[in-house]
Structure formats: C-alpha cells, structure tokens
$ cat model28.cif   # mmCIF, C-alpha atoms
data_query
#
loop_
_atom_site.label_atom_id
_atom_site.label_comp_id
_atom_site.auth_asym_id
_atom_site.auth_seq_id
_atom_site.Cartn_x
_atom_site.Cartn_y
_atom_site.Cartn_z
CA MET A 1 -6.06 -87.87 41.38
CA GLU A 2 -2.61 -88.47 40.07
CA PHE A 3 -1.41 -91.90 39.01
CA ARG A 4 2.17 -92.88 39.38
CA LEU A 5 3.19 -96.00 37.56
CA ASP A 6 6.09 -97.79 39.20
CA LYS A 7 7.25 -101.39 39.20
CA LYS A 8 5.40 -102.19 42.42
CA ARG A 9 2.08 -100.81 41.25
CA LEU A 10 2.37 -102.59 37.88
CA LEU A 11 3.11 -105.90 39.62
CA THR A 12 0.28 -105.70 42.18
CA SER A 13 -2.18 -104.57 39.50
CA LEU A 14 -1.33 -107.50 37.24
CA THR A 15 -1.31 -110.05 40.08
CA LEU A 16 -4.68 -108.90 41.41
CA THR A 17 -6.15 -108.83 37.92
CA GLY A 18 -4.90 -112.38 37.32
CA LEU A 19 -6.53 -113.46 40.56
CA PHE A 20 -9.83 -111.81 39.64
CA ASN A 21 -9.67 -113.39 36.17
CA THR A 22 -9.33 -116.85 37.69
CA ILE A 23 -12.30 -116.21 39.97
CA ILE A 24 -14.36 -114.96 36.99
CA ALA A 25 -13.42 -118.09 34.98
CA LEU A 26 -14.48 -120.29 37.88
CA PHE A 27 -17.72 -118.35 38.25
CA LEU A 28 -18.57 -118.54 34.52
CA THR A 29 -17.77 -122.27 34.41
CA HIS A 30 -20.00 -122.79 37.40
CA LEU A 31 -22.83 -121.06 35.53
CA GLY A 32 -22.21 -123.37 32.60
CA PHE A 33 -21.07 -120.52 30.38
CA GLY A 34 -18.49 -120.92 27.61
CA GLY A 35 -16.46 -123.94 26.69
CA GLY A 36 -15.18 -125.44 29.95
CA PHE A 37 -12.86 -124.11 32.65
CA ILE A 38 -9.64 -124.14 30.64
CA ILE A 39 -11.11 -122.22 27.70
CA ASN A 40 -12.86 -119.80 30.09
CA LEU A 41 -9.60 -119.26 32.02
CA ILE A 42 -7.67 -118.51 28.83
CA PHE A 43 -10.28 -116.03 27.67
CA SER A 44 -10.82 -114.34 31.02
CA GLN A 45 -7.07 -113.97 31.58
CA CYS A 46 -6.55 -112.55 28.11
CA VAL A 47 -9.48 -110.17 28.30
CA GLY A 48 -8.79 -109.09 31.90
CA LEU A 49 -5.06 -108.54 31.45
CA CYS A 50 -5.63 -106.69 28.19
CA ILE A 51 -8.12 -104.33 29.82
CA CYS A 52 -5.74 -103.83 32.76
CA LEU A 53 -2.79 -103.06 30.45
CA PHE A 54 -4.85 -100.73 28.29
CA ILE A 55 -5.96 -98.73 31.34
CA LEU A 56 -2.42 -98.61 32.71
CA VAL A 57 -1.07 -97.43 29.37
CA GLY A 58 -3.87 -94.86 29.26
CA HIS A 59 -2.80 -93.54 32.67
CA LEU A 60 0.76 -93.48 31.48
CA LEU A 61 -0.23 -91.26 28.57
CA VAL A 62 -2.55 -88.99 30.58
CA LYS A 63 -0.88 -88.42 33.94
CA ARG A 64 -3.56 -86.35 35.62
CA PRO A 65 -6.91 -87.01 34.01
CA SER A 66 -10.08 -85.14 35.01
CA LEU A 67 -13.20 -87.07 35.93
CA ALA A 68 -14.46 -86.84 32.33
CA GLY A 69 -11.01 -87.89 31.17
CA HIS A 70 -11.28 -90.96 33.40
CA ALA A 71 -14.64 -91.84 31.92
CA ILE A 72 -13.45 -91.44 28.33
CA LEU A 73 -10.35 -93.49 29.11
CA LEU A 74 -12.45 -96.33 30.52
CA VAL A 75 -15.03 -96.22 27.72
CA ILE A 76 -12.25 -96.57 25.16
CA ALA A 77 -9.95 -98.95 27.05
CA MET A 78 -12.53 -101.44 28.24
CA PRO A 79 -14.12 -102.58 24.92
CA THR A 80 -10.87 -102.37 22.96
CA GLY A 81 -9.10 -104.31 25.72
CA ALA A 82 -11.89 -106.89 25.74
CA ALA A 83 -11.80 -107.21 21.93
CA ALA A 84 -8.02 -107.52 21.85
CA GLY A 85 -8.21 -110.08 24.68
CA ALA A 86 -10.83 -112.05 22.78
CA PHE A 87 -8.62 -112.29 19.71
CA ILE A 88 -5.52 -113.25 21.69
CA GLY A 89 -7.57 -115.79 23.68
CA ALA A 90 -8.84 -117.29 20.43
CA TRP A 91 -5.32 -117.47 19.10
CA ILE A 92 -4.01 -119.21 22.26
CA ALA A 93 -6.98 -121.59 22.51
CA ASP A 94 -6.46 -122.33 18.85
CA ILE A 95 -10.04 -121.48 17.94
CA SER A 96 -10.11 -120.14 14.43
CA PHE A 97 -11.09 -116.52 14.12
CA SER A 98 -13.84 -117.42 11.77
CA GLU A 99 -15.57 -119.18 14.63
CA ILE A 100 -15.74 -115.93 16.53
CA LEU A 101 -15.97 -113.39 13.79
CA PRO A 102 -17.87 -113.09 11.57
CA GLY A 103 -19.17 -116.65 11.87
CA ARG A 104 -20.46 -116.27 15.43
CA PRO A 105 -20.75 -112.62 16.28
CA ALA A 106 -22.92 -113.57 19.26
CA LEU A 107 -19.96 -115.15 21.08
CA PHE A 108 -17.78 -112.14 20.41
CA ILE A 109 -20.43 -109.81 21.78
CA GLN A 110 -20.86 -112.07 24.80
CA ILE A 111 -17.14 -111.93 25.55
CA LEU A 112 -17.17 -108.18 25.07
CA PHE A 113 -20.16 -107.79 27.38
CA VAL A 114 -18.77 -110.03 30.13
CA GLY A 115 -15.39 -108.29 29.83
CA VAL A 116 -16.84 -104.82 30.19
CA LEU A 117 -19.14 -105.86 33.05
CA PHE A 118 -16.41 -107.40 35.20
CA GLY A 119 -13.91 -104.85 33.95
CA THR A 120 -16.05 -102.04 35.34
CA MET A 121 -16.37 -103.73 38.71
CA ILE A 122 -12.65 -104.42 39.00
CA THR A 123 -11.67 -100.98 37.76
CA TYR A 124 -13.93 -99.52 40.43
CA PHE A 125 -12.11 -101.66 43.01
CA PHE A 126 -8.71 -100.42 41.84
CA PHE A 127 -9.93 -96.84 41.74
CA SER A 128 -11.20 -96.97 45.34
CA ARG A 129 -8.01 -98.65 46.47
CA GLU A 130 -5.89 -95.93 44.89
CA LYS A 131 -8.06 -93.22 46.38
CA ILE A 132 -7.81 -94.70 49.90
CA SER A 133 -4.04 -95.01 49.69
CA GLN A 134 -3.69 -91.46 48.41
CA THR A 135 -5.92 -90.15 51.21
CA GLU A 136 -3.77 -91.97 53.73
CA THR A 137 -0.60 -90.53 52.25
CA GLN A 138 -2.13 -87.07 52.37
CA LEU A 139 -3.14 -87.55 55.98
CA GLN A 140 0.36 -88.68 56.87
CA GLU A 141 1.89 -85.73 55.08
CA GLU A 142 -0.41 -83.38 56.96
CA GLN A 143 0.51 -84.98 60.25
CA ILE A 144 4.19 -84.61 59.45
CA ARG A 145 3.64 -80.98 58.51
CA GLY A 146 1.78 -80.37 61.77
CA LEU A 147 4.54 -81.93 63.83
CA THR A 148 7.21 -79.97 61.99
CA LEU A 149 5.37 -76.72 62.67
CA GLU A 150 5.02 -77.61 66.34
CA LYS A 151 8.73 -78.39 66.54
CA GLN A 152 9.60 -75.09 64.90
CA THR A 153 7.39 -73.20 67.34
CA LEU A 154 9.07 -74.85 70.30
CA GLU A 155 12.51 -74.18 68.88
CA THR A 156 11.62 -70.53 68.33
CA HIS A 157 10.42 -70.23 71.90
CA LEU A 158 13.62 -71.72 73.18
CA LYS A 159 15.69 -69.42 70.99
CA LEU A 160 13.68 -66.42 72.19
CA LEU A 161 14.09 -67.39 75.78
CA GLN A 162 17.83 -67.77 75.36
CA ALA A 163 18.03 -64.45 73.52
CA GLN A 164 16.13 -62.60 76.25
CA ILE A 165 18.32 -63.80 79.06
CA GLU A 166 21.59 -63.36 77.28
CA PRO A 167 24.39 -63.95 79.80
CA HIS A 168 26.28 -60.79 78.91
CA PHE A 169 23.24 -58.60 79.40
CA LEU A 170 22.33 -60.28 82.66
CA PHE A 171 25.81 -60.17 84.21
CA ASN A 172 26.44 -56.68 82.98
CA THR A 173 23.22 -55.43 84.55
CA LEU A 174 23.94 -57.22 87.81
CA SER A 175 27.45 -55.73 87.97
CA ASN A 176 25.98 -52.29 87.36
CA ILE A 177 23.49 -52.79 90.17
CA LEU A 178 26.28 -54.01 92.43
CA SER A 179 28.25 -50.87 91.66
CA LEU A 180 25.24 -48.63 92.27
CA LEU A 181 24.67 -50.20 95.69
CA ASP A 182 27.98 -48.59 96.78
CA THR A 183 27.38 -45.20 95.25
CA ASP A 184 23.69 -44.64 94.66
CA PRO A 185 21.45 -47.28 96.28
CA GLY A 186 18.28 -45.52 95.08
CA ARG A 187 19.27 -45.79 91.44
CA GLY A 188 20.45 -49.33 92.07
CA LYS A 189 17.02 -50.19 93.35
CA THR A 190 15.34 -48.63 90.32
CA MET A 191 17.58 -50.64 88.03
CA LEU A 192 16.80 -53.82 89.92
CA VAL A 193 13.10 -53.09 89.52
CA ASP A 194 13.59 -52.59 85.79
CA LEU A 195 15.54 -55.82 85.51
CA THR A 196 12.90 -57.73 87.43
CA ARG A 197 10.15 -56.28 85.24
CA TYR A 198 12.10 -57.13 82.13
CA LEU A 199 12.86 -60.70 83.19
CA ARG A 200 9.35 -61.37 84.40
CA SER A 201 7.69 -60.25 81.21
CA SER A 202 10.26 -61.94 78.96
CA LEU A 203 9.84 -65.21 80.75
CA SER A 204 6.06 -65.19 80.86
CA ARG A 205 5.60 -63.66 77.47
CA THR A 206 7.61 -66.08 75.39
CA ARG A 207 5.03 -68.66 76.33
CA GLU A 208 2.02 -66.58 75.35
CA ARG A 209 0.69 -66.32 71.84
CA THR A 210 -0.29 -62.67 71.84
CA THR A 211 0.41 -59.59 73.84
CA THR A 212 -0.49 -55.94 73.40
CA LEU A 213 1.61 -53.17 71.99
CA GLY A 214 1.28 -51.44 75.37
CA GLU A 215 2.79 -54.35 77.27
CA GLU A 216 5.47 -54.73 74.67
CA MET A 217 6.33 -51.05 75.08
CA ASP A 218 6.57 -51.46 78.87
CA LEU A 219 9.04 -54.27 78.31
CA VAL A 220 11.03 -52.23 75.81
CA ARG A 221 11.04 -49.23 78.16
CA ALA A 222 12.44 -51.37 81.00
CA TYR A 223 15.05 -52.73 78.61
CA LEU A 224 16.08 -49.28 77.41
CA GLN A 225 16.07 -47.88 80.94
CA ILE A 226 18.57 -50.55 81.98
CA HIS A 227 20.82 -49.65 79.06
CA LYS A 228 20.41 -45.97 79.86
CA VAL A 229 21.84 -46.50 83.33
CA ARG A 230 24.78 -48.39 81.84
CA MET A 231 25.54 -46.03 79.01
CA GLY A 232 24.47 -42.71 80.49
CA GLU A 233 24.45 -39.82 78.02
CA ARG A 234 25.58 -42.05 75.19
CA LEU A 235 22.08 -43.47 74.92
CA ARG A 236 19.08 -41.21 74.34
CA TYR A 237 15.71 -42.65 73.53
CA ALA A 238 12.07 -41.73 73.03
CA ILE A 239 8.98 -43.87 72.76
CA GLU A 240 6.18 -42.18 70.81
CA VAL A 241 3.36 -44.67 70.92
CA PRO A 242 -0.09 -43.05 71.32
CA GLU A 243 -2.33 -44.32 74.12
CA THR A 244 -4.87 -45.48 71.52
CA PHE A 245 -2.35 -48.04 70.29
CA ARG A 246 -1.85 -49.68 73.66
CA ASN A 247 -4.49 -52.34 73.08
CA VAL A 248 -3.33 -53.38 69.63
CA SER A 249 -2.59 -57.06 69.93
CA LEU A 250 0.53 -58.53 68.41
CA PRO A 251 2.71 -61.60 68.98
CA PRO A 252 5.27 -61.17 71.76
CA MET A 253 8.94 -60.47 71.21
CA LEU A 254 8.78 -58.89 67.81
CA VAL A 255 9.61 -55.31 68.80
CA GLN A 256 12.18 -56.06 71.51
CA PRO A 257 14.68 -57.75 69.14
CA LEU A 258 14.57 -54.64 66.93
CA VAL A 259 15.35 -52.43 69.92
CA GLU A 260 18.08 -54.78 71.06
CA ASN A 261 19.55 -54.68 67.57
CA ALA A 262 19.48 -50.86 67.61
CA VAL A 263 21.31 -50.77 70.97
CA LYS A 264 23.88 -53.42 70.07
CA HIS A 265 24.72 -52.49 66.50
CA GLY A 266 23.57 -48.88 66.38
CA ILE A 267 24.46 -47.21 69.66
CA GLU A 268 27.07 -49.32 71.44
CA PRO A 269 29.80 -49.29 68.75
CA GLY A 270 29.87 -45.49 68.45
CA ILE A 271 31.93 -43.40 70.88
CA GLU A 272 29.30 -40.67 70.86
CA GLY A 273 26.44 -43.14 71.19
CA GLY A 274 23.17 -42.10 69.64
CA GLU A 275 19.43 -41.88 69.74
CA ILE A 276 16.70 -44.50 69.49
CA LEU A 277 13.21 -43.45 68.48
CA ILE A 278 10.27 -45.84 68.64
CA ARG A 279 7.07 -44.85 66.87
CA ALA A 280 3.79 -46.54 66.07
CA GLU A 281 1.46 -45.50 63.26
CA GLU A 282 -1.55 -46.86 61.46
CA SER A 283 -2.54 -46.95 57.81
CA ALA A 284 -5.68 -48.28 56.13
CA ASP A 285 -4.83 -51.94 56.44
CA ARG A 286 -1.84 -52.24 58.76
CA TYR A 287 0.04 -51.08 61.84
CA ARG A 288 3.62 -49.96 61.56
CA VAL A 289 6.09 -50.02 64.44
CA VAL A 290 9.26 -48.12 63.60
CA VAL A 291 12.50 -48.50 65.52
CA ALA A 292 15.02 -45.93 64.29
CA ASP A 293 18.56 -45.42 65.56
CA THR A 294 21.24 -42.90 64.64
CA GLY A 295 24.06 -45.41 64.65
CA ALA A 296 26.29 -46.87 61.99
CA GLY A 297 23.38 -47.89 59.75
CA LEU A 298 22.98 -50.88 57.49
CA SER A 299 25.92 -53.20 57.74
CA ASP A 300 26.34 -56.85 57.04
CA GLU A 301 25.96 -57.50 60.70
CA SER A 302 22.61 -55.78 61.18
CA SER A 303 20.96 -57.06 58.03
CA GLY A 304 22.01 -60.60 58.69
CA GLY A 305 21.83 -60.53 62.49
CA VAL A 306 20.42 -63.53 64.28
CA GLY A 307 17.84 -61.38 66.09
CA LEU A 308 16.40 -59.86 62.92
CA ALA A 309 16.47 -63.17 61.06
CA ASN A 310 14.52 -64.62 63.95
CA VAL A 311 11.91 -61.86 63.71
CA ARG A 312 11.56 -62.44 59.98
CA GLU A 313 11.15 -66.17 60.47
CA ARG A 314 8.45 -65.67 63.07
CA LEU A 315 6.56 -63.10 60.99
CA LYS A 316 6.51 -65.59 58.14
CA ALA A 317 5.23 -68.38 60.36
CA LEU A 318 2.67 -66.27 62.24
CA PHE A 319 1.21 -64.10 59.47
CA ASP A 320 1.63 -66.32 56.45
CA GLY A 321 3.55 -63.67 54.51
CA LYS A 322 1.14 -60.81 55.25
CA ALA A 323 3.43 -59.10 57.75
CA ARG A 324 6.96 -57.98 57.05
CA LEU A 325 10.10 -56.39 58.41
CA VAL A 326 11.65 -53.62 56.34
CA LEU A 327 15.12 -52.22 56.94
CA GLU A 328 15.85 -48.71 55.68
CA GLU A 329 18.60 -46.17 55.98
CA ASN A 330 17.64 -43.66 58.65
CA GLU A 331 18.10 -39.93 57.98
CA PRO A 332 20.68 -38.53 58.57
CA SER A 333 22.35 -41.71 59.75
CA GLY A 334 21.60 -45.09 61.22
CA LEU A 335 19.09 -47.84 60.64
CA LYS A 336 15.31 -47.80 60.55
CA ALA A 337 13.60 -51.13 61.21
CA ILE A 338 9.91 -51.11 60.28
CA LEU A 339 7.55 -53.80 61.41
CA GLU A 340 4.37 -53.99 59.33
CA ILE A 341 1.50 -55.99 60.75
CA PRO A 342 -1.90 -56.32 59.08
CA HIS A 343 -5.11 -55.46 60.93
CA GLU A 344 -6.88 -58.49 62.27
CA MET G 1 60.15 -46.92 93.15
CA ASN G 2 58.32 -50.18 93.05
CA GLU G 3 54.90 -48.66 92.85
CA ILE G 4 52.71 -50.29 90.24
CA ARG G 5 50.51 -48.16 88.03
CA ALA G 6 47.46 -49.24 86.06
CA ILE G 7 44.78 -47.80 83.84
CA ILE G 8 41.17 -48.87 83.54
CA ALA G 9 39.25 -48.82 80.26
CA ASP G 10 35.54 -49.50 80.10
CA ASP G 11 32.76 -47.70 78.28
CA GLU G 12 30.47 -48.02 81.29
CA ALA G 13 31.15 -45.55 84.10
CA LEU G 14 29.58 -47.78 86.74
CA LEU G 15 31.70 -50.74 85.79
CA ARG G 16 34.87 -48.60 85.90
CA HIS G 17 33.87 -47.52 89.35
CA PHE G 18 33.09 -51.09 90.34
CA LEU G 19 36.47 -52.33 89.13
CA ARG G 20 38.33 -49.49 90.86
CA ALA G 21 36.51 -50.23 94.12
CA ARG G 22 37.23 -53.95 93.99
CA LEU G 23 40.85 -53.36 93.02
CA SER G 24 41.38 -51.03 95.96
CA GLU G 25 40.08 -53.76 98.25
CA VAL G 26 42.26 -56.58 96.93
CA TRP G 27 45.27 -54.48 95.91
CA PRO G 28 45.36 -51.20 97.88
CA GLU G 29 48.91 -50.32 96.74
CA LEU G 30 47.97 -50.28 93.08
CA ILE G 31 47.83 -46.77 91.63
CA ILE G 32 45.13 -46.14 89.04
CA SER G 33 46.62 -43.42 86.91
CA GLY G 34 43.73 -42.96 84.55
CA GLU G 35 40.37 -44.11 83.24
CA ALA G 36 39.30 -44.38 79.65
CA GLN G 37 35.78 -44.53 78.23
CA ASN G 38 36.63 -46.12 74.92
CA GLY G 39 39.38 -47.90 73.04
CA LYS G 40 40.92 -44.76 71.55
CA GLU G 41 41.15 -43.06 74.92
CA ALA G 42 42.66 -46.23 76.37
CA LEU G 43 45.37 -46.23 73.71
CA ALA G 44 46.18 -42.55 74.33
CA LEU G 45 46.24 -43.14 78.07
CA ILE G 46 48.67 -46.05 77.80
CA GLU G 47 50.97 -44.06 75.51
CA ARG G 48 50.93 -41.08 77.88
CA HIS G 49 51.23 -42.82 81.27
CA HIS G 50 53.15 -45.99 80.42
CA PRO G 51 51.30 -48.02 83.05
CA HIS G 52 52.43 -51.46 84.13
CA ILE G 53 48.95 -52.90 83.73
CA ALA G 54 46.00 -52.04 81.53
CA PHE G 55 42.59 -53.32 82.56
CA LEU G 56 40.67 -53.45 79.29
CA ASP G 57 37.03 -54.13 78.67
CA ILE G 58 36.68 -56.36 75.64
CA ARG G 59 33.60 -54.72 74.12
CA MET G 60 34.25 -51.00 73.78
CA PRO G 61 33.35 -48.44 71.13
CA GLY G 62 36.13 -46.99 68.99
CA LEU G 63 38.58 -49.84 69.49
CA THR G 64 37.82 -53.10 71.22
CA GLY G 65 39.97 -54.21 74.11
CA MET G 66 41.65 -56.74 71.87
CA GLU G 67 42.45 -54.14 69.22
CA VAL G 68 44.02 -51.94 71.90
CA ALA G 69 46.07 -54.91 73.11
CA ASP G 70 47.26 -55.51 69.56
CA LYS G 71 48.26 -51.89 69.05
CA ILE G 72 50.28 -51.48 72.25
CA ALA G 73 52.24 -54.58 71.28
CA GLY G 74 53.22 -55.68 74.74
CA ALA G 75 54.06 -52.21 76.12
CA CYS G 76 52.35 -53.26 79.33
CA ARG G 77 50.54 -56.22 80.78
CA VAL G 78 46.93 -56.46 79.77
CA VAL G 79 44.10 -57.81 81.87
CA PHE G 80 40.92 -58.33 79.93
CA VAL G 81 37.91 -57.55 82.02
CA THR G 82 34.50 -58.90 81.31
CA VAL G 83 31.40 -59.42 83.35
CA THR G 84 30.45 -62.55 81.50
CA PRO G 85 32.02 -65.75 82.72
CA THR G 86 31.53 -67.38 79.35
CA ARG G 87 32.43 -66.76 75.73
CA TRP G 88 36.16 -67.01 75.94
CA ARG G 89 36.40 -68.23 72.42
CA PRO G 90 37.79 -65.06 70.83
CA LEU G 91 40.46 -64.97 73.50
CA THR G 92 41.47 -68.59 73.58
CA ARG G 93 41.58 -68.80 69.82
CA ARG G 94 44.71 -66.63 69.81
CA ARG G 95 47.89 -66.93 71.76
CA TRP G 96 48.19 -63.95 74.07
CA THR G 97 51.77 -64.27 75.27
CA THR G 98 52.12 -60.94 77.00
CA PHE G 99 48.90 -61.02 78.90
CA SER G 100 47.69 -62.68 81.97
CA ASN G 101 44.56 -64.77 81.78
CA PRO G 102 41.30 -62.94 81.39
CA PHE G 103 39.10 -63.21 84.40
CA PRO G 104 35.58 -62.12 85.16
CA MET G 105 34.97 -59.28 87.56
CA SER G 106 32.89 -61.57 89.66
CA GLY G 107 36.17 -63.41 90.33
CA PHE G 108 37.46 -60.60 92.57
CA LYS G 109 37.82 -61.74 96.13
CA ARG G 110 39.37 -60.28 99.22
CA ARG G 111 42.68 -61.92 99.95
#
$ encode --input "model28.cif" --output "structure tokens"
Amino acid sequence: MEFRLDKKRLLTSLTLTGLFNTIIALFLTHLGFGGGFIINLIFSQCVGLCICLFILVGHLLVKRPSLAGHAILLVIAMPTGAAAGAFIGAWIADISFSEILPGRPALFIQILFVGVLFGTMITYFFFSREKISQTETQLQEEQIRGLTLEKQTLETHLKLLQAQIEPHFLFNTLSNILSLLDTDPGRGKTMLVDLTRYLRSSLSRTRERTTTLGEEMDLVRAYLQIHKVRMGERLRYAIEVPETFRNVSLPPMLVQPLVENAVKHGIEPGIEGGEILIRAEESADRYRVVVADTGAGLSDESSGGVGLANVRERLKALFDGKARLVLEENEPSGLKAILEIPHE
Amino acid sequence: MNEIRAIIADDEALLRHFLRARLSEVWPELIISGEAQNGKEALALIERHHPHIAFLDIRMPGLTGMEVADKIAGACRVVFVTVTPTRWRPLTRRRWTTFSNPFPMSGFKRR
C-alpha cells in the first residue's frame, strides 16, 4: 500500500484524530479516570495528535512500507508519540514534570498504556479507510481501462469496415463489371461473384473475433482475382497455403491489409506490374504468413501506411506483444511482409 | 477541319474500353486517336498526335494523370477521369486553369 501525503489527507487525519481524542477524553472522564475533563482533554489531544503526526511523518519517510515495516513504524511511533504527548500535555496543563516523572511513574505508564491502546484502534481505523479508498480507486481505474479497450475495439472495427469498402475499390470494380457486361458478360459475372464474396466476408468478418486461415485465404483470393481482372498481365499472384493450414484460427483482417498494401504500393505504381506470393509456414512455436511482392520495396509510404499501422495496432491489442509484423526487403526486389502469430 | 481528336489514358484496359464506349454514345463525332496504358505512354501520345483533349486517369503507373497534365503545360485540354465520386482534394487544392472540371465516369449520360 502506498501512502500519499497531501494537504487534504493531512487535514482530514488531524480533524478525525481531534474528534476521536475528544471522545476518548469524555469516555475517560466518565470512567472517573484522570484529573477531570479539561485535564483529560488536554492530555488526550496531545497524545493523540502526537501519535498521528509521528505516524504521518513515518509514512513520509518510508513511502512504501512492507507489512513488517508498518508494524515497526507503529511500534516505534505509538509509544514515542504517547510519551511526547504526555510531556507536552503536562507542560500545557502546567503540571510539573516531577509529578509525572520520576515522582509518579505510574501515571506516566498509564498515559502511555491508554495512548497505545486507543492509538492502535484508531490507526486500524485509518488503515482500513485508506485500504478501502485505494481499492475503490483501483476498481475505477480498471473500469476506465476496460471501457477504453472496448472503445478502441469498436474504433478498430469501424476503421476496418471503412478500409474494406474503400470507395475507390468499390467504384472501380463496379465500372469494370459494367464494362465487361458489354464485352464479356461471362467474365463480368465471375467478377461480380468475386466482389459479392469479398463484400460478404468483409462485412461479416469484421464483427467476428476469429476466423480461419482458410477463410482468410478465400477472401484474399477473391480480392486478388478482382484486381487481376482490372490489371490483367500486370498482376501475377500465387497462394501457397497447404491444406493442413486451413483450420488454423486467427483474428480476421490481418492478412488482407498486407495483400492490399502489396497491390497498392507494390504492383500498381510499376508500369510492368509484378508478382504477389502468399505463403504460410510453421515453426516450433508460431505460424508465419508471408506476403511478398516484387514491387518498389520499402518506402516511407509502405512502412508507415495506415493499413500496416492498423495491423500492428491490432496485433498488439490481440496478442499482448506475442505476435508481430516484420517488414523485409524481398529478393530481388519488393517488400516482404511477415505476420508471426504464436500457437494457441 | 473541325474534327476533334482525343486520347484516352488509363492503366486498366476495361476502363479504357468503358470510357471509349460511353464517349461514342454521348459524342459520336469525337475521334479517339490513341490509348495509353500509363503516364509515360500518355505523354508520348500527346506529343505525337497533338490531340485537342486528353482523358487522363489520375492514378496511373509511371506518371500520374496530374504529372502528365503538368508536363504538357496546356498543350491540350485535360479531362481527369476517375471512377470515384469523392476525393477531389488533390485537384481542388490547385488551380487548374487549362482544364475542364474533373468528372466521374458515372456522370456520363446520353444527351
């Protein structure tokens, strides 16, 4: 437990202690202890406030005491506080010190005993109070953290959804289909089927938490097929994902942004176009999905692209730092994006 | 000799075809003297044919439509062609004095 000493805490501690001291004085007077209410009040205030100050100063010196540290602090602060309070009380009440010590050691020991007894009770009260308030703060912080995470998830979903149905892609594909309807209705139909498949799975998948590598590859294939119709010979692609990998589960929309990035920044800018190769492989503790293109390679645009940044952000949130996205130069040219996901 | 000649530049064959088809519907007299697949070809085509109008796709490999427009420096009128009816920001940010307004292909209508 950490103690922070600010003005507010100091003030409430002293006020409450003063209140307790008054109650103790009343109680002792009622029992017929000591020398009347006024004398009892002076002594109890002095002793109580001294103990309180000693403990506060102790916490100021040792910011984060262990349980043993707490105990030692109390064992030292309580009797010394009580003794100091007794002397100050005697001074205020104008009782000569000789009357307390060494003349009447019994009275001194009584004051010490009463001080420590009530001191322990009140310290326990303060300790519980502090603990409750800290627990509440922790709970609140956790709630805030939970809400923030939820908000981020929703935002990511929205971003994903917007990215999948990018206006340019959609209108471009529709114009292509329109053109094919004049010249080659069969191919137009195939493209429409691909578009439908792509849209359906993007829309449903952004809401799901996990999908399989197989489904993700179907989506990517539809996506690449659409681009293939648009770009013709300029785009060549191959998907080399073994059948055994189809059931590997992974969060949706992690591979597609890499493929989109390869098309947009790798293939489209080059007059000759290029090749995209998608591979999946497995090592002892992780799966690797590699998206390699033969385009322009690492540029400021591809390393800092919104799509890739989004993937990185999601990997961080979903796998707690255990998954990662690596960008490498592809041989002989282009960019290699490697997605590394740990086994479940 | 008041025939009007134009060239079409777009990296996507289907969209070139689509534009040519729509143009022939709305403007049958227009002569398309050439098609280019990228910005560099478009530039060469304009220099060779001296068309009155160049229909340029904005996003093209080699040179973008806007780079081509810059290089020809008003040698002919430029019509930017895009399929997306949004994202005009790069166009509106500059003052294109020699060009007509960009318009989306979906805007083609029979007169």
$ closest_residue --input "model28.cif" --among "G:Arg5, G:Arg20, G:His52, G:Lys71" --to "chain A" --atoms "all atoms listed in the file"
G:Arg20
$ atom_distance --input "model28.cif" --atom1 "atom CA of A:Tyr223" --atom2 "atom CA of A:Met191"
10.0 Å
$ atom_distance --input "model28.cif" --atom1 "atom CA of A:Phe113" --atom2 "atom CA of A:Thr22"
17.5 Å
$ closest_atom_pairs --input "model28.cif" --of "chain A" --to "chain G" --cutoff "12 Å" --atoms "all atoms listed in the file" --output "Markdown table"
| residue | atom | partner | partner_atom | distance |
| --- | --- | --- | --- | --- |
| A:Glu166 | CA | G:Thr84 | CA | 9.8 |
| A:Pro167 | CA | G:Thr84 | CA | 6.4 |
| A:His168 | CA | G:Thr84 | CA | 5.2 |
| A:Phe169 | CA | G:Thr84 | CA | 8.5 |
| A:Leu170 | CA | G:Thr84 | CA | 8.5 |
| A:Phe171 | CA | G:Val83 | CA | 5.7 |
| A:Asn172 | CA | G:Val83 | CA | 5.7 |
| A:Thr173 | CA | G:Val83 | CA | 9.2 |
| A:Leu174 | CA | G:Val83 | CA | 9.0 |
| A:Ser175 | CA | G:Leu15 | CA | 6.9 |
| A:Asn176 | CA | G:Leu14 | CA | 5.8 |
| A:Ile177 | CA | G:Leu14 | CA | 8.6 |
| A:Leu178 | CA | G:Phe18 | CA | 7.7 |
| A:Ser179 | CA | G:Phe18 | CA | 5.0 |
| A:Leu180 | CA | G:Leu14 | CA | 7.1 |
| A:Leu181 | CA | G:Phe18 | CA | 10.0 |
| A:Asp182 | CA | G:Phe18 | CA | 8.6 |
| A:Thr183 | CA | G:His17 | CA | 9.1 |
| A:Asp184 | CA | G:Leu14 | CA | 10.4 |
| A:Arg187 | CA | G:Leu14 | CA | 11.5 |
| A:Gly188 | CA | G:Leu14 | CA | 10.7 |
| A:His227 | CA | G:Glu12 | CA | 10.0 |
| A:Lys228 | CA | G:Glu12 | CA | 10.4 |
| A:Val229 | CA | G:Leu14 | CA | 8.6 |
| A:Arg230 | CA | G:Glu12 | CA | 5.7 |
| A:Met231 | CA | G:Glu12 | CA | 5.8 |
| A:Gly232 | CA | G:Glu12 | CA | 8.1 |
| A:Glu233 | CA | G:Glu12 | CA | 10.7 |
| A:Arg234 | CA | G:Asp11 | CA | 9.6 |
| A:Leu235 | CA | G:Glu12 | CA | 11.5 |
| A:Lys264 | CA | G:Arg59 | CA | 10.6 |
| A:His265 | CA | G:Pro61 | CA | 10.6 |
| A:Gly266 | CA | G:Pro61 | CA | 10.9 |
| A:Ile267 | CA | G:Pro61 | CA | 9.1 |
| A:Glu268 | CA | G:Pro61 | CA | 6.3 |
| A:Pro269 | CA | G:Pro61 | CA | 4.4 |
| A:Gly270 | CA | G:Pro61 | CA | 5.3 |
| A:Ile271 | CA | G:Pro61 | CA | 5.2 |
| A:Glu272 | CA | G:Pro61 | CA | 8.8 |
| A:Gly273 | CA | G:Pro61 | CA | 8.7 |
| A:Gly295 | CA | G:Pro61 | CA | 11.7 |
| A:Ala296 | CA | G:Pro61 | CA | 11.7 |
$ atom_distance --input "model28.cif" --atom1 "atom CA of A:Ser204" --atom2 "atom CA of A:Glu216"
12.2 Å
$ residues_around --input "model28.cif" --residues "stretch 13-17 of chain A" --least-positions-apart "3" --cutoff "9 Å" --atoms "all atoms listed in the file" --output "PyMOL selection string"
chain A and resi 8-10+20-22+45+48-49+52-53+122+126
$ closest_residue --input "model28.cif" --among "G:Val78, G:Ala9, G:Ala69, G:Ile4" --to "G:Gly34" --atoms "only C-alpha atoms"
G:Ala9
$ resolve_selection --input "model28.cif" --expression "the PyMOL selection byres ((chain A and resi 238) around 6)" --output "list of chain:residue names"
A:Tyr237, A:Ile239, A:Leu277
$ resolve_selection --input "model28.cif" --expression "the PyMOL selection byres ((chain A and resi 285-292) around 10)" --output "PyMOL selection string"
chain A and resi 213+237+239-241+245+248+250+254-256+258-259+261-262+266+275-284+293-295+297+322-331+333-344
